[in-house]
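File shown here: coords.cif, holding mmCIF, C-alpha atoms.
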```cif
data_work
loop_
_atom_site.label_atom_id
_atom_site.label_comp_id
_atom_site.auth_asym_id
_atom_site.auth_seq_id
_atom_site.Cartn_x
_atom_site.Cartn_y
_atom_site.Cartn_z
CA MET A 1 51.63 76.38 105.70
CA ALA A 2 54.40 75.75 108.21
CA LYS A 3 53.39 75.12 111.80
CA VAL A 4 54.38 78.08 113.95
CA GLN A 5 55.38 77.55 117.57
CA LYS A 6 53.40 79.88 119.80
CA VAL A 7 55.19 81.41 122.74
CA GLY A 8 53.58 81.00 126.14
CA ARG A 9 50.77 78.77 127.24
CA GLU A 10 47.08 79.05 126.52
CA VAL A 11 45.50 80.75 129.54
CA PRO A 12 41.71 80.76 129.07
CA VAL A 13 40.90 83.46 131.61
CA THR A 14 38.17 86.06 131.61
CA ALA A 15 37.85 89.01 133.95
CA TRP A 16 35.51 91.96 134.23
CA VAL A 17 34.56 94.61 136.74
CA GLU A 18 31.23 93.67 138.30
CA ARG A 19 30.73 96.80 140.39
CA PHE A 20 32.44 99.59 142.27
CA GLN A 21 32.24 100.72 145.85
CA VAL A 22 33.09 104.11 147.34
CA VAL A 23 35.04 103.53 150.55
CA ASP A 24 35.11 106.22 153.21
CA ALA A 25 38.41 106.14 155.07
CA GLY A 26 37.86 108.93 157.61
CA SER A 27 40.51 109.31 160.30
CA GLY A 28 38.79 111.21 163.07
CA GLN A 29 35.77 113.00 164.40
CA ASP A 30 37.15 116.46 165.25
CA VAL A 31 36.63 119.42 162.92
CA LEU A 32 40.26 119.56 161.75
CA SER A 33 40.34 115.82 160.93
CA LYS A 34 37.06 116.07 159.03
CA GLY A 35 38.35 119.06 157.04
CA LEU A 36 41.61 117.27 156.22
CA ASP A 37 39.66 114.13 155.23
CA ALA A 38 37.51 116.21 152.87
CA VAL A 39 40.64 117.51 151.10
CA LYS A 40 42.26 114.05 150.95
CA ALA A 41 39.06 112.62 149.52
CA ARG A 42 39.30 114.89 146.48
CA VAL A 43 43.06 114.86 145.76
CA SER A 44 44.06 111.64 144.04
CA LEU A 45 47.74 112.06 144.96
CA ALA A 46 46.79 111.50 148.61
CA LYS A 47 47.15 107.82 149.57
CA THR A 48 44.34 108.01 152.13
CA GLY A 49 40.82 109.33 152.25
CA GLN A 50 37.70 108.37 150.40
CA HIS A 51 38.42 106.17 147.39
CA VAL A 52 36.82 103.72 144.98
CA GLU A 53 37.36 99.97 144.97
CA TYR A 54 36.42 97.85 141.97
CA LEU A 55 35.08 94.33 142.48
CA ILE A 56 36.45 92.10 139.72
CA ARG A 57 35.17 88.66 138.76
CA VAL A 58 37.84 86.30 137.43
CA SER A 59 36.97 83.02 135.71
CA PHE A 60 39.43 80.28 134.74
CA GLU A 61 38.65 76.68 133.70
CA GLY A 62 35.41 76.41 135.68
CA GLN A 63 36.75 78.25 138.73
CA SER A 64 35.55 81.72 139.62
CA TRP A 65 36.67 84.20 142.26
CA GLN A 66 36.40 87.86 143.15
CA ILE A 67 39.19 90.33 143.77
CA THR A 68 39.13 93.98 144.76
CA LYS A 69 41.44 96.56 143.18
CA ARG A 70 41.82 100.31 143.25
CA TYR A 71 42.40 102.38 140.13
CA ASN A 72 46.09 102.88 140.98
CA GLU A 73 46.59 99.10 140.85
CA PHE A 74 45.13 99.04 137.33
CA ALA A 75 47.42 101.96 136.42
CA ALA A 76 50.49 100.13 137.75
CA LEU A 77 49.60 97.06 135.65
CA TYR A 78 49.04 99.27 132.61
CA ASP A 79 52.50 100.86 133.07
CA VAL A 80 54.18 97.44 133.26
CA LEU A 81 52.38 96.18 130.16
CA LYS A 82 53.22 99.37 128.28
CA LYS A 83 56.93 98.65 128.84
CA ARG A 84 56.66 94.94 128.01
CA LEU A 85 54.33 94.66 125.05
CA ALA A 86 54.30 96.16 121.58
CA SER A 87 50.78 97.50 122.01
CA ILE A 88 48.28 97.41 124.83
CA PRO A 89 44.59 98.14 125.25
CA MET A 90 43.58 101.62 126.32
CA MET A 91 42.58 102.31 129.88
CA PRO A 92 40.45 105.14 131.30
CA SER A 93 42.62 108.13 132.09
CA LYS A 94 43.59 109.16 135.59
CA SER A 95 42.08 112.29 137.04
CA VAL A 96 43.94 114.58 139.44
CA VAL A 97 40.75 115.32 141.34
CA ARG A 98 38.87 112.31 142.60
CA GLN A 99 35.36 112.09 141.26
CA PHE A 100 32.59 110.17 142.95
CA ALA A 101 29.65 110.98 140.69
CA PRO A 102 27.83 107.70 139.92
CA GLU A 103 27.80 108.41 136.16
CA TYR A 104 31.59 109.01 136.12
CA LEU A 105 32.28 105.89 138.21
CA GLU A 106 30.03 103.75 136.01
CA GLN A 107 31.87 104.98 132.91
CA ARG A 108 35.25 104.26 134.53
CA LYS A 109 34.04 100.81 135.65
CA ASN A 110 33.04 100.02 132.06
CA GLY A 111 36.40 101.28 130.74
CA LEU A 112 38.36 99.19 133.26
CA SER A 113 36.21 96.17 132.42
CA ASP A 114 36.94 96.64 128.70
CA PHE A 115 40.65 96.93 129.51
CA LEU A 116 40.56 93.63 131.43
CA ARG A 117 38.62 91.86 128.67
CA GLN A 118 41.15 93.00 126.07
CA VAL A 119 44.10 91.93 128.25
CA CYS A 120 42.54 88.50 128.84
CA ILE A 121 42.17 87.67 125.14
CA ARG A 122 45.82 88.42 124.45
CA ARG A 123 48.15 85.46 124.81
CA ASP A 124 51.18 87.70 125.34
CA ALA A 125 49.47 89.67 128.11
CA VAL A 126 48.04 86.74 130.10
CA ASN A 127 51.44 85.09 130.04
CA CYS A 128 52.95 88.10 131.87
CA ARG A 129 53.58 87.31 135.51
CA GLU A 130 52.18 90.71 136.52
CA VAL A 131 48.82 90.01 134.85
CA GLN A 132 48.66 86.59 136.49
CA ASP A 133 49.49 88.12 139.88
CA PHE A 134 46.97 90.96 139.39
CA LEU A 135 44.22 88.41 138.72
CA LEU A 136 45.52 86.05 141.46
CA LEU A 137 45.88 83.32 138.81
CA ARG A 138 49.15 81.89 140.10
CA GLN A 139 47.76 81.82 143.63
CA ARG A 140 44.46 80.14 142.62
CA VAL A 141 45.87 77.88 139.88
CA PRO A 142 49.17 76.44 141.20
CA HIS A 143 50.33 74.87 137.91
CA LEU A 144 50.64 78.40 136.43
CA SER A 145 53.47 79.06 138.90
CA HIS A 146 55.66 76.50 137.15
CA PRO A 147 57.23 77.19 133.73
CA ASP A 148 55.60 75.53 130.74
CA ALA A 149 57.57 74.00 127.85
CA SER A 150 56.15 76.66 125.52
CA GLU A 151 57.52 79.51 127.64
CA PRO A 152 60.95 80.93 126.91
CA VAL A 153 63.50 80.25 129.62
CA GLN A 154 65.15 83.60 129.05
CA SER A 155 63.94 86.59 127.11
CA ALA A 156 65.90 89.52 125.78
CA GLU A 157 65.16 92.87 124.25
CA VAL A 158 66.01 92.88 120.57
CA GLN A 159 67.09 96.05 118.82
CA GLU A 160 65.54 95.59 115.38
CA ALA A 161 68.11 97.79 113.66
CA SER A 162 70.93 95.51 114.86
CA PHE A 163 69.49 92.68 112.80
CA GLY A 164 68.47 94.71 109.78
CA ILE A 165 64.76 94.33 110.53
CA ALA A 166 62.93 97.20 108.87
CA HIS A 167 59.33 96.19 109.54
CA PHE A 168 57.41 93.52 111.39
CA ASP A 169 53.85 92.84 112.45
CA TYR A 170 52.70 91.25 115.65
CA ASP A 171 49.47 89.40 116.25
CA PRO A 172 48.92 89.83 120.02
CA VAL A 173 45.91 87.51 120.22
CA GLN A 174 47.73 84.56 118.65
CA GLY A 175 51.16 85.47 120.01
CA PHE A 176 52.84 85.53 116.57
CA LEU A 177 55.61 87.78 115.37
CA LEU A 178 55.15 88.11 111.60
#
```

As structure tokens, how would this structure be written, given the file I've shared?
Amino acid sequence: MAKVQKVGREVPVTAWVERFQVVDAGSGQDVLSKGLDAVKARVSLAKTGQHVEYLIRVSFEGQSWQITKRYNEFAALYDVLKKRLASIPMMPSKSVVRQFAPEYLEQRKNGLSDFLRQVCIRRDAVNCREVQDFLLLRQRVPHLSHPDASEPVQSAEVQEASFGIAHFDYDPVQGFLL
């Protein structure tokens, strides 16, 4: 069998959500402020108010650190990966009304942790700058900030029909286009 050149470097990272924390971001003590805070706490389109932060443990080559992210940061990463990669792991859906029930938050924590685990085992995903920035990899591991010989210098979007490609398979874990 011919040796196939893998694209991107091997990035042996693991990440999972250890726990969540409900953060109360009240703005004032008067009745009107408290009433407004109560509404903001339940509407997820509001940028302020009570919210949930997820404590994430990241491990890379013997190093370990914690980061804190909100759901909308996971959602932004998901949106970027959806545009960049052929397929991506599922993520818990967004709710319009914020929910703070412990059972709901535990289920969401587990779903976000599964999402991170699936992203971390995929060579194509962990080689995305956005994933590395999300996990603070390039900040904690300086050599990841510099291009590797296995990384393409320039990438382009290929329109399969232009080249007569009718079907292809992609192995995201190994980083192979078959």

Take the PyMOL selection byres ((chain A and resi 130-147) around 10), apply it to the structure above, and return the hits as a short mmCIF file (atom, residue, chain, number, x, y, z; two decimals) with C-alpha atoms, in the frame of the given file.
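Once written, selection_36.cif looks like this:
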```cif
data_model
loop_
_atom_site.label_atom_id
_atom_site.label_comp_id
_atom_site.auth_asym_id
_atom_site.auth_seq_id
_atom_site.Cartn_x
_atom_site.Cartn_y
_atom_site.Cartn_z
CA GLY A 8 53.58 81.00 126.14
CA ARG A 9 50.77 78.77 127.24
CA VAL A 11 45.50 80.75 129.54
CA VAL A 13 40.90 83.46 131.61
CA THR A 14 38.17 86.06 131.61
CA ALA A 15 37.85 89.01 133.95
CA ILE A 56 36.45 92.10 139.72
CA ARG A 57 35.17 88.66 138.76
CA VAL A 58 37.84 86.30 137.43
CA SER A 59 36.97 83.02 135.71
CA PHE A 60 39.43 80.28 134.74
CA GLU A 61 38.65 76.68 133.70
CA GLN A 63 36.75 78.25 138.73
CA SER A 64 35.55 81.72 139.62
CA TRP A 65 36.67 84.20 142.26
CA GLN A 66 36.40 87.86 143.15
CA ILE A 67 39.19 90.33 143.77
CA THR A 68 39.13 93.98 144.76
CA LYS A 69 41.44 96.56 143.18
CA GLU A 73 46.59 99.10 140.85
CA PHE A 74 45.13 99.04 137.33
CA ALA A 76 50.49 100.13 137.75
CA LEU A 77 49.60 97.06 135.65
CA TYR A 78 49.04 99.27 132.61
CA VAL A 80 54.18 97.44 133.26
CA LEU A 81 52.38 96.18 130.16
CA LEU A 116 40.56 93.63 131.43
CA VAL A 119 44.10 91.93 128.25
CA CYS A 120 42.54 88.50 128.84
CA ALA A 125 49.47 89.67 128.11
CA VAL A 126 48.04 86.74 130.10
CA ASN A 127 51.44 85.09 130.04
CA CYS A 128 52.95 88.10 131.87
CA ARG A 129 53.58 87.31 135.51
CA ASP A 148 55.60 75.53 130.74
CA ALA A 149 57.57 74.00 127.85
CA SER A 150 56.15 76.66 125.52
CA GLU A 151 57.52 79.51 127.64
CA PRO A 152 60.95 80.93 126.91
CA VAL A 153 63.50 80.25 129.62
#
```

Starting from the PyMOL selection byres ((chain A and resi 18) around 6), expand the selection into actual residues of this file and give them as a list in words.
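When the PyMOL selection byres ((chain A and resi 18) around 6) is applied to the shown file, the picked residues are Val17, Arg19, Leu55 and Ile56 of chain A.
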
Between atom CA of Arg70 of chain A and atom CA of Ile88 of chain A, measure the distance and give it in Å to one decimal.
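According to the coordinates, atom CA of Arg70 of chain A and atom CA of Ile88 of chain A are separated by 19.7 Å.
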
Quick one: pull the distance between atom CA of Ser95 of chain A and atom CA of His51 of chain A, Å, one decimal.
12.6 Å

Could you tell me which of A:Gln118, A:Pro12, A:Gln21, A:Gln50 comes closest to Arg98 of chain A if we count only C-alpha atoms?
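Residue with the minimum atom-to-atom distance to Arg98 of chain A: A:Gln50.
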
Record the distance separating atom CA of Pro102 of chain A and atom CA of Asp114 of chain A, expressed in Å with one decimal.
18.2 Å

Distance criterion (only C-alpha atoms): nearest to Glu106 of chain A out of A:Gly62, A:Lys83, A:Asp24, A:Pro92
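Among A:Gly62, A:Lys83, A:Asp24, A:Pro92, it is A:Pro92 that comes nearest to Glu106 of chain A.
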
Can you report as AutoDock Vina command-line options the centre and edge lengths in Å, to one decimal, of an axis-aligned box around the listed atoms of segment 12-25 of chain A padded with 3 Å on each side?
```
--center_x 36.2 --center_y 93.5 --center_z 142.1 --size_x 17.0 --size_y 31.5 --size_z 32.0
```

Given the PyMOL selection byres ((chain A and resi 91) around 7) and the file above, list the residues it selects as a ChimeraX atom specification.
/A:89-90,92-93,111-112,115

Counting all atoms listed in the file, which of A:Arg108, A:Phe100, A:Arg84, A:Gly49 gets nearest to Tyr71 of chain A?
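Using all atoms listed in the file, the shortest distance to Tyr71 of chain A belongs to A:Arg108.
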
Out of A:Ile121, A:Ala75, A:Val22, A:Ala86, which residue has the shortest atom-to-atom distance to Leu105 of chain A when counting only C-alpha atoms?
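Closest to Leu105 of chain A, using only C-alpha atoms: A:Val22.
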